[in-house]
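Student: For reference, the structure I am asking about is given below.
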Amino acid sequence: MSQSKKGLSNWLLVVAVIALAVAPLIFVRGGEFAGSDDKAKKAISEIQPEYKPWFKSLFEPASGEIASLLFASQAALGAGVVGYAIGLYKGRSQQQKHEE
């Protein structure tokens, strides 16, 4: 594959990724970003309306979108740590096999 075809295919991939990221923002209107916590609160209030929570959150995100962003960031960070640990142990075991 020539250099110009590689460059063109890379740009097409970039445009495709951007289109996939922007399309839901344009075409999906009125989406609700409710998590399991909100659904649990609703279910509890339906079952026992006089229930009073015994704990308050230390930090309350301004909106559901921010809460989703924080959750996704936490998941990505955890996946990075797990991936690093797996790679580290695999590298060490391969190094030990190579030394033997």
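We label chains A, B, ... in the order they appear in the structure tokens, count residues from 1 in each chain, and number ligands from 1 in the order shown.
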Output as an MDAnalysis selection string all residues of chain A that backbone DSSP marks as alpha helix (DSSP H).

Tutor: chainID A and resid 3:27 36:47 64:99

Student: What's the separation between CA of Ala67 (chain A) and CA of Glu50 (chain A), in Å to one decimal place?

Tutor: 26.9 Å
